[in-house]
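Peer 1: This one is upload.txt, compact mmCIF, C-alpha atoms and all ligand atoms.
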```txt
# COMPACT_ATOMS: atom_id res chain seq x y z
CA MET A 16 -36.61 183.81 56.14
CA ALA A 17 -37.93 180.67 54.46
CA PHE A 18 -41.41 179.60 55.53
CA PRO A 19 -42.07 175.89 56.17
CA ALA A 20 -43.51 174.44 52.98
CA GLN A 21 -45.38 171.84 55.01
CA ARG A 22 -47.46 172.73 58.03
CA PRO A 23 -48.89 169.61 59.75
CA ARG A 24 -50.21 171.88 62.50
CA ARG A 25 -52.92 173.12 60.10
CA LEU A 26 -54.81 169.89 60.65
CA ARG A 27 -54.61 170.33 64.43
CA THR A 28 -56.05 173.82 64.67
CA THR A 29 -59.56 173.11 65.99
CA PRO A 30 -61.40 170.22 67.59
CA ALA A 31 -63.53 169.99 64.44
CA MET A 32 -60.44 169.71 62.24
CA ARG A 33 -58.86 167.10 64.50
CA ARG A 34 -62.06 165.13 64.56
CA LEU A 35 -62.29 165.19 60.77
CA VAL A 36 -58.84 163.70 60.29
CA ALA A 37 -58.69 161.26 63.23
CA GLU A 38 -57.51 157.88 61.94
CA THR A 39 -58.73 155.78 64.86
CA ASP A 40 -61.91 155.78 66.85
CA LEU A 41 -63.54 153.96 69.71
CA ALA A 42 -67.02 152.87 68.86
CA PRO A 43 -69.02 151.08 71.55
CA ARG A 44 -69.13 147.97 69.36
CA HIS A 45 -65.35 147.62 69.64
CA MET A 46 -65.49 147.15 73.41
CA VAL A 47 -65.84 143.92 75.37
CA LEU A 48 -66.44 144.03 79.12
CA PRO A 49 -64.99 141.30 81.37
CA MET A 50 -67.32 140.52 84.29
CA PHE A 51 -66.95 138.41 87.43
CA VAL A 52 -69.72 136.47 89.11
CA ARG A 53 -69.27 134.96 92.54
CA GLU A 54 -71.13 131.88 93.64
CA GLY A 55 -73.25 132.45 96.72
CA ALA A 56 -72.71 136.22 96.82
CA THR A 57 -75.69 138.14 98.17
CA GLU A 58 -74.23 141.61 97.50
CA PRO A 59 -71.80 142.72 94.80
CA ILE A 60 -68.33 142.50 96.36
CA PRO A 61 -65.83 145.25 95.48
CA ILE A 62 -62.39 144.10 94.29
CA SER A 63 -59.93 146.22 96.23
CA SER A 64 -57.17 146.18 93.61
CA MET A 65 -59.66 147.08 90.85
CA PRO A 66 -61.63 150.10 92.09
CA GLY A 67 -64.99 150.24 90.33
CA VAL A 68 -65.03 146.52 89.46
CA VAL A 69 -67.01 144.00 91.51
CA GLN A 70 -67.67 140.32 91.88
CA HIS A 71 -71.31 140.20 90.88
CA THR A 72 -74.17 138.28 92.37
CA ARG A 73 -76.37 136.45 89.86
CA GLU A 74 -78.86 139.31 90.04
CA SER A 75 -76.39 142.18 89.80
CA LEU A 76 -74.72 140.44 86.86
CA ARG A 77 -77.98 140.37 84.90
CA LYS A 78 -78.57 144.02 85.66
CA ALA A 79 -75.05 145.05 84.67
CA ALA A 80 -75.35 143.02 81.48
CA VAL A 81 -78.47 144.96 80.52
CA GLU A 82 -76.66 148.26 81.20
CA ALA A 83 -73.77 147.13 79.01
CA VAL A 84 -76.19 146.28 76.22
CA GLU A 85 -77.80 149.70 76.57
CA ALA A 86 -74.37 151.31 76.22
CA GLY A 87 -74.03 149.41 72.95
CA ILE A 88 -70.86 147.48 73.68
CA GLY A 89 -69.76 144.63 71.45
CA GLY A 90 -69.54 141.83 73.97
CA LEU A 91 -69.37 140.54 77.52
CA MET A 92 -66.77 138.10 78.79
CA LEU A 93 -67.73 136.14 81.88
CA PHE A 94 -65.51 134.72 84.61
CA GLY A 95 -66.84 132.61 87.48
CA VAL A 96 -65.65 132.54 91.08
CA PRO A 97 -66.80 129.26 92.66
CA GLU A 98 -67.32 128.55 96.33
CA VAL A 99 -65.60 125.20 96.19
CA ARG A 100 -62.54 124.20 94.16
CA ASP A 101 -60.91 120.86 93.49
CA ALA A 102 -57.87 119.43 91.75
CA ARG A 103 -59.66 118.84 88.45
CA GLY A 104 -61.69 122.06 88.32
CA THR A 105 -64.97 120.16 88.28
CA GLY A 106 -67.00 123.32 88.90
CA GLY A 107 -66.07 124.61 85.47
CA VAL A 108 -67.54 121.61 83.71
CA ASP A 109 -70.64 121.17 85.87
CA PRO A 110 -73.73 122.63 84.14
CA ASN A 111 -74.71 123.95 87.58
CA GLY A 112 -71.30 125.50 88.21
CA VAL A 113 -71.29 129.25 88.77
CA LEU A 114 -70.05 130.22 85.32
CA ASN A 115 -72.48 128.01 83.42
CA VAL A 116 -75.37 129.24 85.53
CA ALA A 117 -74.32 132.84 84.88
CA LEU A 118 -74.05 132.23 81.13
CA ARG A 119 -77.62 130.89 81.12
CA ASP A 120 -78.83 133.83 83.21
CA VAL A 121 -77.24 136.42 80.97
CA LYS A 122 -78.32 134.73 77.76
CA ALA A 123 -81.89 134.61 79.04
CA GLU A 124 -81.70 138.30 79.94
CA ILE A 125 -80.08 139.77 76.84
CA GLY A 126 -80.51 137.18 74.10
CA ASP A 127 -78.43 138.10 71.07
CA ALA A 128 -78.22 141.81 71.87
CA THR A 129 -74.48 141.53 72.42
CA VAL A 130 -71.92 138.74 72.06
CA LEU A 131 -71.57 136.50 75.09
CA ILE A 132 -68.07 135.15 75.66
CA ALA A 133 -67.11 132.49 78.23
CA ASP A 134 -63.68 132.15 79.80
CA THR A 135 -62.78 128.57 79.02
CA CYS A 136 -60.08 127.93 81.58
CA LEU A 137 -59.67 125.98 84.79
CA ASP A 138 -57.70 128.30 87.03
CA GLU A 139 -60.76 129.75 88.75
CA PHE A 140 -61.99 126.24 89.49
CA THR A 141 -58.86 124.40 90.59
CA ASP A 142 -57.70 124.32 94.21
CA HIS A 143 -54.07 124.71 93.06
CA GLY A 144 -54.94 127.67 90.82
CA HIS A 145 -53.30 126.38 87.63
CA CYS A 146 -55.02 126.61 84.27
CA GLY A 147 -55.01 122.84 83.89
CA VAL A 148 -54.86 119.56 85.75
CA LEU A 149 -51.58 118.40 87.30
CA ASP A 150 -49.70 115.17 86.75
CA GLU A 151 -48.26 113.13 89.62
CA ARG A 152 -45.14 115.31 89.64
CA GLY A 153 -47.18 118.50 89.98
CA ARG A 154 -46.68 119.71 86.41
CA VAL A 155 -49.55 121.00 84.28
CA ASP A 156 -50.54 118.03 82.12
CA ASN A 157 -51.34 119.42 78.67
CA ASP A 158 -53.30 116.58 77.15
CA ALA A 159 -55.23 115.62 80.29
CA THR A 160 -56.22 119.30 80.49
CA LEU A 161 -57.46 119.30 76.90
CA ALA A 162 -59.95 116.58 77.74
CA VAL A 163 -61.39 118.73 80.52
CA TYR A 164 -61.48 121.83 78.30
CA ALA A 165 -63.48 119.87 75.71
CA GLU A 166 -66.15 119.03 78.30
CA MET A 167 -66.07 122.55 79.69
CA GLY A 168 -66.44 124.15 76.26
CA VAL A 169 -69.44 122.02 75.35
CA ALA A 170 -71.10 122.86 78.68
CA GLN A 171 -70.51 126.57 78.06
CA ALA A 172 -71.91 126.41 74.55
CA ALA A 173 -74.96 124.59 75.88
CA ALA A 174 -75.33 127.33 78.52
CA GLY A 175 -75.47 129.99 75.83
CA ALA A 176 -71.93 131.19 75.11
CA ASP A 177 -71.57 132.58 71.59
CA LEU A 178 -67.78 132.47 71.76
CA LEU A 179 -65.38 130.49 73.91
CA GLY A 180 -62.25 132.19 75.16
CA PRO A 181 -59.72 129.48 76.01
CA SER A 182 -57.19 131.42 78.12
CA GLY A 183 -55.11 128.52 79.42
CA MET A 184 -52.39 128.39 76.74
CA MET A 185 -52.43 124.60 76.41
CA ASP A 186 -51.09 123.29 73.10
CA GLY A 187 -53.90 122.15 70.84
CA GLN A 188 -56.69 123.78 72.85
CA VAL A 189 -58.34 125.47 69.88
CA GLY A 190 -58.44 122.29 67.81
CA VAL A 191 -59.79 120.19 70.66
CA LEU A 192 -62.51 122.70 71.42
CA ARG A 193 -63.49 122.98 67.76
CA GLU A 194 -63.83 119.23 67.46
CA ALA A 195 -65.77 118.91 70.71
CA LEU A 196 -68.16 121.73 69.76
CA ASP A 197 -68.81 120.31 66.32
CA GLY A 198 -69.27 116.82 67.73
CA ALA A 199 -71.91 118.13 70.14
CA GLY A 200 -73.88 120.08 67.55
CA HIS A 201 -72.46 123.48 68.51
CA GLU A 202 -70.94 124.26 65.13
CA ASP A 203 -72.09 127.89 65.38
CA THR A 204 -70.25 128.52 68.64
CA GLY A 205 -67.01 130.32 67.83
CA ILE A 206 -63.55 130.39 69.37
CA LEU A 207 -61.76 133.57 70.39
CA ALA A 208 -58.24 132.17 70.65
CA TYR A 209 -55.84 133.57 73.21
CA THR A 210 -53.16 133.42 70.60
CA ALA A 211 -50.41 135.33 72.32
CA LYS A 212 -50.91 135.30 76.06
CA TYR A 213 -47.84 136.24 78.00
CA ALA A 214 -46.83 135.35 81.55
CA SER A 215 -47.39 138.81 83.00
CA ALA A 216 -47.19 140.73 86.24
CA PHE A 217 -50.18 142.71 85.01
CA TYR A 218 -52.61 139.90 85.90
CA GLY A 219 -52.07 140.59 89.61
CA PRO A 220 -55.40 142.30 90.37
CA PHE A 221 -57.33 139.68 88.36
CA ARG A 222 -56.02 137.03 90.69
CA ASP A 223 -57.60 138.96 93.56
CA ALA A 224 -60.78 139.23 91.53
CA VAL A 225 -61.07 135.46 91.18
CA GLU A 226 -59.49 134.72 94.59
CA SER A 227 -56.79 132.70 92.84
CA GLN A 228 -55.09 129.98 94.85
CA LEU A 229 -52.01 129.98 92.62
CA GLN A 230 -48.58 129.46 94.18
CA GLY A 231 -45.70 130.03 91.79
CA ASP A 232 -46.25 131.12 88.20
CA ARG A 233 -47.58 130.07 84.80
CA LYS A 234 -44.31 130.26 82.88
CA THR A 235 -44.47 126.70 81.59
CA TYR A 236 -47.59 127.51 79.59
CA GLN A 237 -47.91 131.28 79.12
CA GLN A 238 -45.42 132.90 76.76
CA ASP A 239 -42.12 134.51 77.69
CA ASN A 240 -42.42 138.24 77.25
CA ALA A 241 -39.06 138.42 75.48
CA ASN A 242 -40.55 136.69 72.45
CA LEU A 243 -42.34 137.99 69.37
CA ARG A 244 -41.70 135.27 66.77
CA GLU A 245 -43.27 132.76 69.10
CA ALA A 246 -46.52 134.73 68.94
CA LEU A 247 -46.58 134.36 65.18
CA ARG A 248 -46.09 130.62 65.54
CA GLU A 249 -48.99 130.47 67.98
CA LEU A 250 -51.04 132.49 65.50
CA ALA A 251 -50.37 130.05 62.68
CA LEU A 252 -51.33 127.12 64.92
CA ASP A 253 -54.54 128.75 66.18
CA LEU A 254 -55.67 129.58 62.66
CA GLU A 255 -54.88 126.07 61.49
CA GLU A 256 -56.88 124.68 64.44
CA GLY A 257 -59.91 126.76 63.54
CA ALA A 258 -59.78 129.98 65.56
CA ASP A 259 -62.50 132.44 64.53
CA MET A 260 -60.78 135.40 66.18
CA VAL A 261 -57.38 135.82 67.80
CA MET A 262 -56.24 137.85 70.80
CA VAL A 263 -53.08 139.38 72.22
CA LYS A 264 -52.82 139.79 76.00
CA PRO A 265 -51.85 141.94 77.89
CA ALA A 266 -52.12 144.96 75.60
CA MET A 267 -49.99 147.95 76.56
CA ALA A 268 -46.65 146.20 76.98
CA TYR A 269 -47.31 144.13 73.83
CA LEU A 270 -48.39 146.63 71.19
CA ASP A 271 -45.65 145.45 68.85
CA VAL A 272 -46.97 141.91 69.13
CA LEU A 273 -50.47 143.18 68.45
CA ARG A 274 -49.30 145.09 65.38
CA SER A 275 -47.40 142.07 64.05
CA VAL A 276 -50.37 139.77 64.56
CA ALA A 277 -52.81 142.27 63.03
CA ASP A 278 -50.59 142.67 59.97
CA VAL A 279 -50.88 139.01 59.03
CA ALA A 280 -54.04 137.59 60.64
CA ASP A 281 -56.94 137.05 58.25
CA VAL A 282 -59.45 136.92 61.12
CA PRO A 283 -60.54 139.71 63.50
CA VAL A 284 -57.96 140.61 66.13
CA ALA A 285 -58.69 141.43 69.77
CA ALA A 286 -56.47 142.72 72.55
CA TYR A 287 -57.03 142.42 76.30
CA GLN A 288 -56.23 145.46 78.42
CA VAL A 289 -55.78 143.48 81.60
CA SER A 290 -56.44 144.10 85.26
CA GLY A 291 -53.01 145.55 86.04
CA GLU A 292 -53.30 148.03 83.20
CA TYR A 293 -56.63 149.11 84.64
CA ALA A 294 -55.37 149.27 88.22
CA MET A 295 -52.30 151.31 87.29
CA ILE A 296 -54.32 154.13 85.79
CA GLU A 297 -56.99 154.02 88.47
CA ALA A 298 -54.35 154.18 91.21
CA ALA A 299 -52.43 157.03 89.61
CA ALA A 300 -55.66 158.94 89.02
CA ALA A 301 -56.81 158.37 92.61
CA ASN A 302 -53.58 160.00 93.73
CA GLY A 303 -54.16 162.95 91.44
CA TRP A 304 -51.10 162.04 89.36
CA ILE A 305 -52.81 161.51 86.03
CA ASP A 306 -55.93 162.68 84.21
CA ARG A 307 -57.98 159.52 84.41
CA GLU A 308 -60.35 160.03 81.50
CA ARG A 309 -57.68 161.18 79.10
CA ALA A 310 -55.42 158.29 80.08
CA VAL A 311 -58.23 155.77 79.54
CA VAL A 312 -59.06 157.03 76.06
CA GLU A 313 -55.40 157.43 75.14
CA THR A 314 -54.51 153.85 76.06
CA VAL A 315 -57.53 152.26 74.41
CA THR A 316 -57.07 154.37 71.29
CA GLY A 317 -53.43 153.23 71.20
CA ILE A 318 -54.52 149.62 71.39
CA ARG A 319 -56.95 150.17 68.51
CA ARG A 320 -54.29 152.01 66.51
CA ALA A 321 -51.88 149.10 67.03
CA GLY A 322 -54.33 146.84 65.23
CA ALA A 323 -57.07 145.67 67.58
CA ASP A 324 -60.53 145.42 66.06
CA VAL A 325 -61.85 144.55 69.50
CA VAL A 326 -60.59 145.71 72.90
CA VAL A 327 -61.41 143.77 76.03
CA THR A 328 -61.30 146.37 78.80
CA TYR A 329 -62.77 146.94 82.24
CA TRP A 330 -63.64 150.46 81.04
CA ALA A 331 -65.78 149.14 78.16
CA VAL A 332 -69.09 150.53 79.34
CA GLU A 333 -67.65 153.83 80.48
CA ILE A 334 -65.91 154.35 77.14
CA ALA A 335 -69.02 153.36 75.23
CA ALA A 336 -71.24 155.57 77.33
CA ARG A 337 -69.21 158.76 77.33
CA LEU A 338 -65.50 158.70 76.70
CA GLY A 339 -65.16 157.46 73.15
CA GLU A 340 -66.67 160.49 71.43
CA ARG A 341 -64.15 162.58 69.58
C1 LIG A 401 -56.88 132.83 83.20
C2 LIG A 401 -57.00 134.29 82.97
C3 LIG A 401 -56.24 135.30 83.56
C4 LIG A 401 -56.72 136.49 83.05
C5 LIG A 401 -57.77 136.19 82.19
N1 LIG A 401 -57.90 134.82 82.12
C6 LIG A 401 -55.22 135.25 84.60
C7 LIG A 401 -53.98 134.52 84.40
O1 LIG A 401 -53.66 134.03 83.32
O2 LIG A 401 -53.29 134.40 85.39
C8 LIG A 401 -56.21 137.83 83.41
C9 LIG A 401 -57.08 138.98 83.04
C10 LIG A 401 -56.70 140.24 83.69
O3 LIG A 401 -55.63 140.36 84.34
O4 LIG A 401 -57.47 141.19 83.56
N2 LIG A 401 -58.16 132.24 83.23
```
Spell out the structure here as structure tokens.
Peer 2:
Amino acid sequence: MAFPAQRPRRLRTTPAMRRLVAETDLAPRHMVLPMFVREGATEPIPISSMPGVVQHTRESLRKAAVEAVEAGIGGLMLFGVPEVRDARGTGGVDPNGVLNVALRDVKAEIGDATVLIADTCLDEFTDHGHCGVLDERGRVDNDATLAVYAEMGVAQAAAGADLLGPSGMMDGQVGVLREALDGAGHEDTGILAYTAKYASAFYGPFRDAVESQLQGDRKTYQQDNANLREALRELALDLEEGADMVMVKPAMAYLDVLRSVADVADVPVAAYQVSGEYAMIEAAAANGWIDRERAVVETVTGIRRAGADVVVTYWAVEIAARLGER
């Protein structure tokens, strides 16, 4: 009989051999942890659709931020849950709004030990739950929203954000933020552009996490998940407008988009493994249907392999602390 001339299995024989030839790894610095802080909370409040994730109090947020720094992760991304909402999302702009207060708290606690990212979007702050302000017919008004984002971004930079993460998918948002930051003396504050953010069912648990008031959907501003070319158009626009980094979101159902963006982007590329991706694995594992730790590492490794330099994931600290080792 003829023996196989090529034996790929040779490189799979032992853990040491597999470790030697692994093409992708998960270093703590690649991970960014999204965190929620709730105004007026006196205890951390569990989020039922995201087991293991909480709405922090100001104090518990500071403590968790220190733990994340100790685990060596690359960044923190903060989301605020206000007590009061209004049509214009005033709480997001107010220097004393929950998110700006939290940014100041965390910056004071950790300094430059990790990168502090602010969610620059109105949906947590509006009483209608949309990512922008509405016109008289109830549609999201792009340009009126940009004016609010500009104020919000400057307030976040002043509060200590190193990067802004405009997640609202308004046209021109990166350019408007860049101009506003520069005009206010925040030329060192960067922009992590949500380049390709799709209208997705996988944001469901996040909307619980921020107690979203949204009725309907975001399909007039977030991308249609049938489209890939459109993501490349958004990429070109974000780069032209001054994005420092770009992101694809969600991750697992969009790995082709991530790969396409990573192939052509000349800035670092991030991907956001969103709440529904987290919840799916946690729920299956809780039922004993899947090996939780293997599934976590497998999915995040896949996201890295598809081209993400940075992965935003609710498992960031856990991966950094113990799962990423090969
Ligand atoms: C909007 C925003 C959303 C997420 C991050 N920023 C929700 C949405 O667009 O509806 C979702 C993140 C996740 O699901 O983990 N500010």
Peer 1: Can you tell me, as number ranges by chain, what residues are no more than 12 Å from Ala37 (chain A) when counting only C-alpha atoms, ignoring any on the same chain fewer than 4 positions away?
Peer 2: A: 26-27, 30-33, 41, 316, 320, 340-341
Peer 1: Per residue of chain A within 10 Å of ligand LIG 401 (chain A), which atom pair is closest and at what distance in Å (one decimal), using all atoms listed in the file, listed by chain and increasing number, as CSV?
Peer 2:
```
residue,atom,partner,partner_atom,distance
A:Pro49,CA,A:LIG401,O4,7.8
A:Met50,CA,A:LIG401,O4,9.9
A:Met65,CA,A:LIG401,O4,9.6
A:Met92,CA,A:LIG401,C5,9.8
A:Leu93,CA,A:LIG401,N1,9.9
A:Phe94,CA,A:LIG401,N2,7.9
A:Gly95,CA,A:LIG401,N2,9.7
A:Asp134,CA,A:LIG401,N2,6.5
A:Thr135,CA,A:LIG401,N2,7.2
A:Cys136,CA,A:LIG401,N2,5.0
A:Leu137,CA,A:LIG401,N2,6.6
A:Asp138,CA,A:LIG401,N2,5.5
A:Glu139,CA,A:LIG401,N2,6.6
A:Phe140,CA,A:LIG401,N2,9.5
A:Gly144,CA,A:LIG401,O2,8.8
A:His145,CA,A:LIG401,O2,8.3
A:Cys146,CA,A:LIG401,N2,6.5
A:Gly147,CA,A:LIG401,N2,9.9
A:Gly180,CA,A:LIG401,N1,8.6
A:Pro181,CA,A:LIG401,N2,7.9
A:Ser182,CA,A:LIG401,N2,5.3
A:Gly183,CA,A:LIG401,C1,6.0
A:Met184,CA,A:LIG401,O1,8.8
A:Tyr209,CA,A:LIG401,N1,9.2
A:Lys212,CA,A:LIG401,O1,7.9
A:Tyr213,CA,A:LIG401,O1,8.2
A:Ala214,CA,A:LIG401,O1,7.2
A:Ser215,CA,A:LIG401,O2,7.7
A:Ala216,CA,A:LIG401,O3,8.7
A:Phe217,CA,A:LIG401,O3,6.0
A:Tyr218,CA,A:LIG401,O3,3.4
A:Gly219,CA,A:LIG401,O3,6.4
A:Pro220,CA,A:LIG401,O3,6.3
A:Phe221,CA,A:LIG401,O3,4.4
A:Arg222,CA,A:LIG401,C6,6.4
A:Asp223,CA,A:LIG401,O3,9.5
A:Ala224,CA,A:LIG401,O4,8.8
A:Val225,CA,A:LIG401,C6,8.8
A:Ser227,CA,A:LIG401,O2,8.4
A:Leu229,CA,A:LIG401,O2,8.6
A:Asp232,CA,A:LIG401,O2,8.3
A:Arg233,CA,A:LIG401,O2,7.2
A:Tyr236,CA,A:LIG401,O1,9.7
A:Gln237,CA,A:LIG401,O1,7.6
A:Lys264,CA,A:LIG401,C9,8.3
A:Pro265,CA,A:LIG401,O3,7.6
A:Tyr287,CA,A:LIG401,O4,7.4
A:Gln288,CA,A:LIG401,O4,6.8
A:Val289,CA,A:LIG401,O4,3.5
A:Ser290,CA,A:LIG401,O4,3.5
A:Gly291,CA,A:LIG401,O3,6.1
A:Glu292,CA,A:LIG401,O4,8.0
A:Tyr293,CA,A:LIG401,O4,8.0
A:Ala294,CA,A:LIG401,O4,9.6
A:Val327,CA,A:LIG401,O4,8.9
A:Thr328,CA,A:LIG401,O4,8.0
A:Tyr329,CA,A:LIG401,O4,7.9
```
Peer 1: From the set A:Asp278, A:Glu226, A:Glu256, A:Glu249, which residue has the shortest atom-to-atom contact distance to Leu192 (chain A), counting only C-alpha atoms?
Peer 2: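 With only C-alpha atoms as the atom set, the closest residue is A:Glu256.
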Peer 1: Calculate how many Å separate CA of Gly87 (chain A) from CA of Ile132 (chain A), rounding to one decimal.
Peer 2: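 Separation between CA of Gly87 (chain A) and CA of Ile132 (chain A): 15.7 Å.
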Peer 1: So which residues fall inside 8 Å of (-55.4, 124.7, 95.7) if we count all atoms listed in the file? Mind giving them as number ranges by chain?
Peer 2: A: 100-102, 141-144, 228-229
Peer 1: For a quick check of understanding, using only C-alpha atoms, which of A:Gly190, A:Gly90, A:Pro23, A:Gly153 has the smallest distance to Val325 (chain A)?
Peer 2: A:Gly90
